[in-house]
Amino acid sequence: MTNPTPDPKPTMNLKTNYLGLELKNPLIVGASPFPDDLDKVRALEDAGIAAITMYSLFEEQITQNIVGAEAHIGSYENSFSEAASYFPDVNVLERDADVYLDQIQRVKESVSVPVIASLNGTREGAWVEYAALMESAGADALELNLYFLPTDMEESAAQLEDRCIRIVETIKAHITLPLAVKLSPFFTALPHFAKRLAAAGAGSLVCFNRFYQPDIDTDALDIRPALELSHSTELRLRLRWLAFLSGRIDTQLAVSGGVHTGLDVAKALMAGADVVQAVSSLLINGPGHAADLLEELNRWIEEKEYNSLEDLRGCMNYLRCPDPEALERANYMRLLKSWRV
């Protein structure tokens with residue numbers, strides 16, 4: 001008589017809470033073109049994605065300032081990864097804002113996972129009132145994308161940060177939804193600004209925006225937009241700041257940019273991320289790649305014998321180091337001295 005085949009070892013329970021939402025795992029889709037296609041949205045859910053972030057509704061769309069929107073595109077300095085598949089098509093910015101609200105409802109009807117709306121703006125104005133309309137359309141949370149380049153030579157770093165804080169406070173006053181704020185890493189004192197954002201009502205900080213830089217065409221003597229999807233190497237910058245902020249401010253943390261493998265997901269969680277956003281890897285490999293990411297993550301967790309997701313989360317953050325500033329300097333010096341010619 002043969003012995004019965006043992007039941008396969010169950011995978012770890014990856015359920016997590018993000019912005020008050022119960023998620024089946026920490027892998028979500030970042031702001032991207034995917035919600036334009038309901039079949040792809042369903043495929044993402046089938047592959048294990050725990051939440052869907054909508055593509056951004058831009059301040060320029062709401063205010064109907066098409067001239068401003070075209071100037072914004074024409075600068076070739078945009079960083080919104082959610083427009084990756086159609087950059088720099090100005091029709092994206094001209095799309096009627098009401099269509100966006102309708103699409104939130106369609107996506108909500110198509111999937112059972114939470115849907116996070118995305119609002120992109122940099123100036124104070126009536127556009128922030130659309131946050132409440134997104135809530136009415138059925139969004140489960142809102143991600144505010146504070147993308148801008150500080151090109152005004154008369155606006156100081158303090159004035160710029162104050163403006164961002166006022167926008168966050170105004171939007172928070174218009175909604176009851178939980179609010180995430182997506183920002184860039186290029187602030188004079190990022191930890192202090194992150195603390196101010198948390199105090200202003202940000203339930204999560206999404207780290208970080210990606211800056212698509214222009215190139216110069218030396219033959220045509222013209223500016224050439226250069227668009228590249230992310231690579232895993234870009235995750236390192238996110239890991240550093242996640243590790244520093246984790247446990248130090250009263251807000252959750254999400255990582256965006258450079259997540260292409262299950263090990264990338266593990267690294268982000270170890271640094272302190274509550275959730276991990278994926279976009280570029282899904283655009284390259286298709287919605288089914290989400291299942292590959294989760295499978296590799298589960299396999300690695302089992303190999304390392306972690307007992308829970310909470311044991312993993314933040315295990316490599318700076319709170320585990322008695323003097324992180326000294327460690328950072330020591331590693332910096334050691335790295336420079338290790339180079340040989």
# chains A, B, ... in the order shown; residues from 1 in each chain; ligands from 1

call {"tool": "select_by_dssp", "arguments": {"residues": "segment 174-325 of chain A", "states": "alpha helix (DSSP H)", "output": "VMD selection string"}}
result
chain A and resid 174 190 to 200 235 to 245 262 to 271 280 to 285 289 to 304 309 to 312 324 to 325

call {"tool": "residues_around", "arguments": {"residues": "segment 46-61 of chain A", "least_positions_apart": "4", "cutoff": "6 Å", "atoms": "only C-alpha atoms", "output": "number ranges by chain"}}
result
A: 23-25, 27-33, 35, 65, 69, 82, 93-94, 113-121, 127, 288, 290-291

call {"tool": "write_last_selection", "arguments": {"atoms": "N, CA and C atoms", "output": "compact mmCIF listing (two decimals), in the first residue's frame"}}
result
# COMPACT_ATOMS: atom_id res chain seq x y z
N LEU A 23 -6.92 44.10 2.29
CA LEU A 23 -6.39 43.59 1.02
C LEU A 23 -5.95 42.14 1.20
N LYS A 24 -6.11 41.35 0.15
CA LYS A 24 -5.74 39.93 0.22
C LYS A 24 -4.23 39.72 0.19
N ASN A 25 -3.49 40.73 -0.26
CA ASN A 25 -2.03 40.69 -0.24
C ASN A 25 -1.53 42.13 -0.46
N LEU A 27 0.25 43.45 -2.88
CA LEU A 27 0.59 43.82 -4.25
C LEU A 27 -0.59 44.50 -4.93
N ILE A 28 -0.42 45.76 -5.32
CA ILE A 28 -1.48 46.50 -6.00
C ILE A 28 -0.95 47.09 -7.30
N VAL A 29 -1.86 47.45 -8.19
CA VAL A 29 -1.48 48.10 -9.44
C VAL A 29 -1.37 49.61 -9.19
N GLY A 30 -0.24 50.19 -9.55
CA GLY A 30 -0.10 51.63 -9.45
C GLY A 30 -0.86 52.32 -10.56
N ALA A 31 -0.93 53.65 -10.48
CA ALA A 31 -1.64 54.43 -11.49
C ALA A 31 -1.09 54.09 -12.88
N SER A 32 -1.97 53.70 -13.79
CA SER A 32 -1.52 53.16 -15.07
C SER A 32 -2.67 53.19 -16.08
N PRO A 33 -2.38 52.83 -17.35
CA PRO A 33 -3.45 52.77 -18.36
C PRO A 33 -4.38 51.58 -18.22
N PRO A 35 -6.78 50.56 -16.19
CA PRO A 35 -8.22 50.73 -15.97
C PRO A 35 -9.01 51.19 -17.19
N ASN A 65 -8.03 73.84 -19.00
CA ASN A 65 -6.93 74.69 -19.44
C ASN A 65 -6.05 73.91 -20.40
N ALA A 69 -2.21 72.52 -20.42
CA ALA A 69 -1.92 71.09 -20.49
C ALA A 69 -0.92 70.80 -21.60
N GLU A 82 1.65 56.42 -15.13
CA GLU A 82 0.36 55.92 -15.55
C GLU A 82 0.06 56.27 -17.01
N LEU A 93 -4.91 64.29 -21.88
CA LEU A 93 -5.22 65.39 -20.98
C LEU A 93 -6.51 66.10 -21.38
N GLU A 94 -6.96 65.92 -22.59
CA GLU A 94 -8.18 66.59 -23.03
C GLU A 94 -9.43 65.76 -22.75
N VAL A 113 -12.07 43.88 -5.94
CA VAL A 113 -10.99 44.48 -5.15
C VAL A 113 -11.20 45.99 -5.06
N PRO A 114 -10.60 46.65 -4.06
CA PRO A 114 -10.75 48.10 -3.95
C PRO A 114 -10.19 48.85 -5.15
N VAL A 115 -10.82 49.99 -5.45
CA VAL A 115 -10.40 50.85 -6.55
C VAL A 115 -9.97 52.20 -5.97
N ILE A 116 -8.76 52.60 -6.29
CA ILE A 116 -8.19 53.84 -5.76
C ILE A 116 -8.14 54.87 -6.89
N ALA A 117 -8.83 55.99 -6.70
CA ALA A 117 -8.80 57.07 -7.69
C ALA A 117 -7.47 57.81 -7.60
N SER A 118 -7.09 58.48 -8.68
CA SER A 118 -5.82 59.22 -8.71
C SER A 118 -6.06 60.62 -9.24
N LEU A 119 -5.62 61.59 -8.47
CA LEU A 119 -5.79 63.00 -8.82
C LEU A 119 -4.42 63.64 -8.88
N ASN A 120 -4.12 64.33 -9.98
CA ASN A 120 -2.79 64.88 -10.20
C ASN A 120 -2.87 66.40 -10.35
N GLY A 121 -2.26 67.12 -9.44
CA GLY A 121 -2.29 68.58 -9.51
C GLY A 121 -1.20 69.20 -8.66
N TRP A 127 -10.10 72.72 -8.79
CA TRP A 127 -9.96 71.33 -9.24
C TRP A 127 -9.99 70.34 -8.08
N GLY A 288 -0.94 38.82 -16.17
CA GLY A 288 -0.65 37.55 -15.52
C GLY A 288 0.65 37.54 -14.74
N ALA A 290 1.44 39.35 -12.42
CA ALA A 290 1.16 39.56 -10.99
C ALA A 290 1.21 38.24 -10.24
N ALA A 291 0.70 37.18 -10.84
CA ALA A 291 0.73 35.86 -10.21
C ALA A 291 2.16 35.38 -10.03

call {"tool": "closest_residue", "arguments": {"among": "A:Val128, A:Arg42, A:Ile165, A:Pro150", "to": "Ser110 of chain A", "atoms": "only C-alpha atoms"}}
result
A:Arg42

call {"tool": "atom_distance", "arguments": {"atom1": "atom CA of Ala199 of chain A", "atom2": "atom CA of Asp162 of chain A"}}
result
12.7 Å

call {"tool": "closest_residue", "arguments": {"among": "A:Ala194, A:Leu133, A:Leu253, A:Ala243", "to": "Asn317 of chain A", "atoms": "only C-alpha atoms"}}
result
A:Ala243

call {"tool": "closest_residue", "arguments": {"among": "A:Pro185, A:Gly203, A:Gly286, A:Gly314", "to": "Thr251 of chain A", "atoms": "only C-alpha atoms"}}
result
A:Gly203

call {"tool": "closest_residue", "arguments": {"among": "A:Ala158, A:Ile249, A:Leu312, A:Val265", "to": "Leu297 of chain A", "atoms": "only C-alpha atoms"}}
result
A:Val265

call {"tool": "residues_around", "arguments": {"residues": "Glu169 of chain A", "least_positions_apart": "2", "cutoff": "9 Å", "atoms": "only C-alpha atoms", "output": "PyMOL selection string"}}
result
chain A and resi 164-167+171-174+197+200-202

call {"tool": "residues_around", "arguments": {"residues": "Leu283 of chain A", "least_positions_apart": "3", "cutoff": "10 Å", "atoms": "only C-alpha atoms", "output": "number ranges by chain"}}
result
A: 32-34, 84-85, 229, 278-280, 286-287, 289

call {"tool": "select_by_dssp", "arguments": {"residues": "segment 11-192 of chain A", "states": "strand (DSSP E)", "output": "VMD selection string"}}
result
chain A and resid 16 to 18 21 to 23 27 to 29 52 to 58 115 to 120 141 to 145 179 to 183

call {"tool": "write_last_selection", "arguments": {"atoms": "N, CA and C atoms", "output": "mmCIF file, in the first residue's frame"}}
result
data_model
loop_
_atom_site.group_PDB
_atom_site.id
_atom_site.type_symbol
_atom_site.label_atom_id
_atom_site.label_comp_id
_atom_site.auth_asym_id
_atom_site.auth_seq_id
_atom_site.Cartn_x
_atom_site.Cartn_y
_atom_site.Cartn_z
ATOM 1 N N THR A 16 -3.392 42.063 4.279
ATOM 2 C CA THR A 16 -2.850 43.268 4.889
ATOM 3 C C THR A 16 -3.889 44.374 4.870
ATOM 4 N N ASN A 17 -3.636 45.416 5.635
ATOM 5 C CA ASN A 17 -4.531 46.573 5.690
ATOM 6 C C ASN A 17 -3.811 47.777 5.129
ATOM 7 N N TYR A 18 -4.458 48.443 4.189
ATOM 8 C CA TYR A 18 -3.869 49.644 3.592
ATOM 9 C C TYR A 18 -4.951 50.700 3.456
ATOM 10 N N LEU A 21 -8.347 49.669 4.164
ATOM 11 C CA LEU A 21 -8.911 48.673 3.257
ATOM 12 C C LEU A 21 -8.278 47.315 3.540
ATOM 13 N N GLU A 22 -9.104 46.299 3.631
ATOM 14 C CA GLU A 22 -8.595 44.942 3.823
ATOM 15 C C GLU A 22 -8.193 44.367 2.462
ATOM 16 N N LEU A 23 -6.918 44.099 2.288
ATOM 17 C CA LEU A 23 -6.394 43.588 1.024
ATOM 18 C C LEU A 23 -5.950 42.136 1.196
ATOM 19 N N LEU A 27 0.249 43.447 -2.878
ATOM 20 C CA LEU A 27 0.590 43.821 -4.252
ATOM 21 C C LEU A 27 -0.592 44.502 -4.929
ATOM 22 N N ILE A 28 -0.423 45.760 -5.322
ATOM 23 C CA ILE A 28 -1.482 46.499 -6.002
ATOM 24 C C ILE A 28 -0.948 47.091 -7.301
ATOM 25 N N VAL A 29 -1.864 47.448 -8.185
ATOM 26 C CA VAL A 29 -1.477 48.104 -9.436
ATOM 27 C C VAL A 29 -1.373 49.608 -9.188
ATOM 28 N N ILE A 52 -6.714 48.159 -7.364
ATOM 29 C CA ILE A 52 -6.470 48.809 -8.660
ATOM 30 C C ILE A 52 -6.405 50.312 -8.452
ATOM 31 N N THR A 53 -5.309 50.932 -8.886
ATOM 32 C CA THR A 53 -5.225 52.390 -8.882
ATOM 33 C C THR A 53 -5.562 52.907 -10.271
ATOM 34 N N MET A 54 -6.481 53.851 -10.344
ATOM 35 C CA MET A 54 -6.875 54.435 -11.623
ATOM 36 C C MET A 54 -5.727 55.254 -12.221
ATOM 37 N N TYR A 55 -5.784 55.475 -13.532
ATOM 38 C CA TYR A 55 -4.902 56.468 -14.134
ATOM 39 C C TYR A 55 -5.273 57.834 -13.561
ATOM 40 N N SER A 56 -4.377 58.798 -13.691
ATOM 41 C CA SER A 56 -4.600 60.100 -13.057
ATOM 42 C C SER A 56 -5.591 60.963 -13.823
ATOM 43 N N LEU A 57 -6.411 61.671 -13.057
ATOM 44 C CA LEU A 57 -7.176 62.792 -13.591
ATOM 45 C C LEU A 57 -6.369 64.037 -13.266
ATOM 46 N N PHE A 58 -6.037 64.815 -14.306
ATOM 47 C CA PHE A 58 -5.138 65.943 -14.140
ATOM 48 C C PHE A 58 -5.882 67.242 -13.856
ATOM 49 N N VAL A 115 -10.818 49.989 -5.447
ATOM 50 C CA VAL A 115 -10.395 50.853 -6.545
ATOM 51 C C VAL A 115 -9.973 52.196 -5.968
ATOM 52 N N ILE A 116 -8.757 52.603 -6.288
ATOM 53 C CA ILE A 116 -8.187 53.845 -5.763
ATOM 54 C C ILE A 116 -8.137 54.874 -6.886
ATOM 55 N N ALA A 117 -8.827 55.993 -6.701
ATOM 56 C CA ALA A 117 -8.798 57.066 -7.689
ATOM 57 C C ALA A 117 -7.466 57.808 -7.598
ATOM 58 N N SER A 118 -7.095 58.484 -8.682
ATOM 59 C CA SER A 118 -5.823 59.217 -8.712
ATOM 60 C C SER A 118 -6.060 60.620 -9.244
ATOM 61 N N LEU A 119 -5.625 61.593 -8.473
ATOM 62 C CA LEU A 119 -5.792 63.004 -8.823
ATOM 63 C C LEU A 119 -4.416 63.644 -8.875
ATOM 64 N N ASN A 120 -4.125 64.332 -9.983
ATOM 65 C CA ASN A 120 -2.789 64.885 -10.201
ATOM 66 C C ASN A 120 -2.874 66.403 -10.347
ATOM 67 N N ALA A 141 -10.588 54.843 -2.150
ATOM 68 C CA ALA A 141 -9.539 55.687 -1.588
ATOM 69 C C ALA A 141 -9.077 56.625 -2.691
ATOM 70 N N LEU A 142 -8.269 57.601 -2.324
ATOM 71 C CA LEU A 142 -7.770 58.577 -3.296
ATOM 72 C C LEU A 142 -6.267 58.715 -3.147
ATOM 73 N N GLU A 143 -5.584 58.688 -4.294
ATOM 74 C CA GLU A 143 -4.148 58.951 -4.328
ATOM 75 C C GLU A 143 -3.924 60.300 -4.996
ATOM 76 N N LEU A 144 -3.348 61.238 -4.264
ATOM 77 C CA LEU A 144 -3.020 62.560 -4.787
ATOM 78 C C LEU A 144 -1.579 62.547 -5.260
ATOM 79 N N ASN A 145 -1.386 62.796 -6.556
ATOM 80 C CA ASN A 145 -0.056 62.797 -7.147
ATOM 81 C C ASN A 145 0.452 64.239 -7.208
ATOM 82 N N LEU A 179 -6.682 59.066 2.226
ATOM 83 C CA LEU A 179 -5.890 59.792 1.231
ATOM 84 C C LEU A 179 -4.431 59.347 1.271
ATOM 85 N N ALA A 180 -3.914 58.980 0.090
ATOM 86 C CA ALA A 180 -2.483 58.726 -0.080
ATOM 87 C C ALA A 180 -1.891 59.874 -0.877
ATOM 88 N N VAL A 181 -0.637 60.195 -0.622
ATOM 89 C CA VAL A 181 0.041 61.269 -1.345
ATOM 90 C C VAL A 181 1.283 60.693 -2.018
ATOM 91 N N LYS A 182 1.326 60.820 -3.341
ATOM 92 C CA LYS A 182 2.479 60.353 -4.116
ATOM 93 C C LYS A 182 3.402 61.535 -4.358
ATOM 94 N N LEU A 183 4.655 61.384 -4.003
ATOM 95 C CA LEU A 183 5.573 62.513 -4.092
ATOM 96 C C LEU A 183 6.900 62.065 -4.682
#

call {"tool": "closest_residue", "arguments": {"among": "A:Leu146, A:Ala43, A:Leu269, A:Leu14", "to": "Leu282 of chain A", "atoms": "only C-alpha atoms"}}
result
A:Ala43

call {"tool": "closest_residue", "arguments": {"among": "A:Phe148, A:Phe193, A:Trp300, A:Phe244", "to": "Cys315 of chain A", "atoms": "only C-alpha atoms"}}
result
A:Phe244

call {"tool": "atom_distance", "arguments": {"atom1": "atom CA of Phe186 of chain A", "atom2": "atom CA of Asn209 of chain A"}}
result
9.8 Å

call {"tool": "residues_around", "arguments": {"residues": "segment 233-236 of chain A", "least_positions_apart": "5", "cutoff": "10 Å", "atoms": "only C-alpha atoms", "output": "list in words"}}
result
Cys207, Phe208, Arg210, Trp241, Leu242, Val255, Ser256, Gly257, Gly258, Val259, His260, Asp264, Val265, Lys267 and Ala268 of chain A

call {"tool": "atom_distance", "arguments": {"atom1": "atom CA of Pro191 of chain A", "atom2": "atom CA of Ser246 of chain A"}}
result
10.5 Å

call {"tool": "decode", "arguments": {"residues": "segment 174-241 of chain A", "atoms": "C-alpha atoms", "output": "PDB file, in the first residue's frame"}}
result
ATOM      1  CA  HIS A 174     -13.552  67.679   0.854  1.00  0.00           C
ATOM      2  CA  ILE A 175     -13.574  63.905   1.357  1.00  0.00           C
ATOM      3  CA  THR A 176     -14.067  61.184   3.913  1.00  0.00           C
ATOM      4  CA  LEU A 177     -12.008  58.760   1.825  1.00  0.00           C
ATOM      5  CA  PRO A 178      -8.553  57.767   3.041  1.00  0.00           C
ATOM      6  CA  LEU A 179      -5.890  59.792   1.231  1.00  0.00           C
ATOM      7  CA  ALA A 180      -2.483  58.726  -0.080  1.00  0.00           C
ATOM      8  CA  VAL A 181       0.041  61.269  -1.345  1.00  0.00           C
ATOM      9  CA  LYS A 182       2.479  60.353  -4.116  1.00  0.00           C
ATOM     10  CA  LEU A 183       5.573  62.513  -4.092  1.00  0.00           C
ATOM     11  CA  SER A 184       9.085  62.768  -5.471  1.00  0.00           C
ATOM     12  CA  PRO A 185      12.278  62.132  -3.495  1.00  0.00           C
ATOM     13  CA  PHE A 186      13.729  65.523  -4.350  1.00  0.00           C
ATOM     14  CA  PHE A 187      12.789  67.651  -1.363  1.00  0.00           C
ATOM     15  CA  THR A 188      15.362  69.572   0.658  1.00  0.00           C
ATOM     16  CA  ALA A 189      14.384  67.791   3.883  1.00  0.00           C
ATOM     17  CA  LEU A 190      12.237  64.846   2.828  1.00  0.00           C
ATOM     18  CA  PRO A 191      11.712  63.342   6.319  1.00  0.00           C
ATOM     19  CA  HIS A 192      10.452  66.669   7.697  1.00  0.00           C
ATOM     20  CA  PHE A 193       8.144  67.167   4.713  1.00  0.00           C
ATOM     21  CA  ALA A 194       6.869  63.595   5.054  1.00  0.00           C
ATOM     22  CA  LYS A 195       6.034  64.291   8.693  1.00  0.00           C
ATOM     23  CA  ARG A 196       4.118  67.438   7.676  1.00  0.00           C
ATOM     24  CA  LEU A 197       2.160  65.500   5.029  1.00  0.00           C
ATOM     25  CA  ALA A 198       1.148  62.920   7.629  1.00  0.00           C
ATOM     26  CA  ALA A 199      -0.016  65.675   9.971  1.00  0.00           C
ATOM     27  CA  ALA A 200      -1.995  67.262   7.113  1.00  0.00           C
ATOM     28  CA  GLY A 201      -4.024  64.093   6.606  1.00  0.00           C
ATOM     29  CA  ALA A 202      -2.003  61.778   4.363  1.00  0.00           C
ATOM     30  CA  GLY A 203      -2.826  58.216   5.375  1.00  0.00           C
ATOM     31  CA  SER A 204      -0.029  56.923   3.160  1.00  0.00           C
ATOM     32  CA  LEU A 205       2.987  58.249   1.300  1.00  0.00           C
ATOM     33  CA  VAL A 206       3.712  56.698  -2.107  1.00  0.00           C
ATOM     34  CA  CYS A 207       7.447  56.701  -2.850  1.00  0.00           C
ATOM     35  CA  PHE A 208       8.122  57.865  -5.529  1.00  0.00           C
ATOM     36  CA  ASN A 209       7.265  59.598  -8.783  1.00  0.00           C
ATOM     37  CA  ARG A 210       9.500  58.785 -11.752  1.00  0.00           C
ATOM     38  CA  PHE A 211      10.961  61.679 -13.727  1.00  0.00           C
ATOM     39  CA  TYR A 212      11.127  61.185 -17.470  1.00  0.00           C
ATOM     40  CA  GLN A 213      13.982  63.382 -18.656  1.00  0.00           C
ATOM     41  CA  PRO A 214      14.232  64.974 -22.111  1.00  0.00           C
ATOM     42  CA  ASP A 215      17.063  64.169 -24.466  1.00  0.00           C
ATOM     43  CA  ILE A 216      18.573  66.252 -27.266  1.00  0.00           C
ATOM     44  CA  ASP A 217      18.476  65.051 -30.863  1.00  0.00           C
ATOM     45  CA  THR A 218      21.847  66.240 -32.171  1.00  0.00           C
ATOM     46  CA  ASP A 219      20.845  65.583 -35.812  1.00  0.00           C
ATOM     47  CA  ALA A 220      17.466  67.324 -35.799  1.00  0.00           C
ATOM     48  CA  LEU A 221      18.637  69.936 -33.253  1.00  0.00           C
ATOM     49  CA  ASP A 222      15.473  69.368 -31.289  1.00  0.00           C
ATOM     50  CA  ILE A 223      14.266  68.130 -27.932  1.00  0.00           C
ATOM     51  CA  ARG A 224      13.390  64.447 -27.991  1.00  0.00           C
ATOM     52  CA  PRO A 225      11.092  62.927 -25.368  1.00  0.00           C
ATOM     53  CA  ALA A 226      12.801  59.915 -23.809  1.00  0.00           C
ATOM     54  CA  LEU A 227      10.465  57.381 -22.244  1.00  0.00           C
ATOM     55  CA  GLU A 228      11.721  54.251 -20.557  1.00  0.00           C
ATOM     56  CA  LEU A 229       9.828  51.958 -18.247  1.00  0.00           C
ATOM     57  CA  SER A 230      11.383  51.316 -14.856  1.00  0.00           C
ATOM     58  CA  HIS A 231      14.095  48.799 -13.967  1.00  0.00           C
ATOM     59  CA  SER A 232      14.738  46.983 -10.708  1.00  0.00           C
ATOM     60  CA  THR A 233      17.775  49.202 -10.080  1.00  0.00           C
ATOM     61  CA  GLU A 234      15.410  52.134  -9.501  1.00  0.00           C
ATOM     62  CA  LEU A 235      14.067  50.389  -6.420  1.00  0.00           C
ATOM     63  CA  ARG A 236      17.228  51.198  -4.454  1.00  0.00           C
ATOM     64  CA  LEU A 237      16.346  54.852  -3.975  1.00  0.00           C
ATOM     65  CA  ARG A 238      12.896  53.834  -2.739  1.00  0.00           C
ATOM     66  CA  LEU A 239      14.358  51.268  -0.350  1.00  0.00           C
ATOM     67  CA  ARG A 240      16.631  53.839   1.280  1.00  0.00           C
ATOM     68  CA  TRP A 241      13.824  56.276   2.058  1.00  0.00           C
TER      69      TRP A 241
END
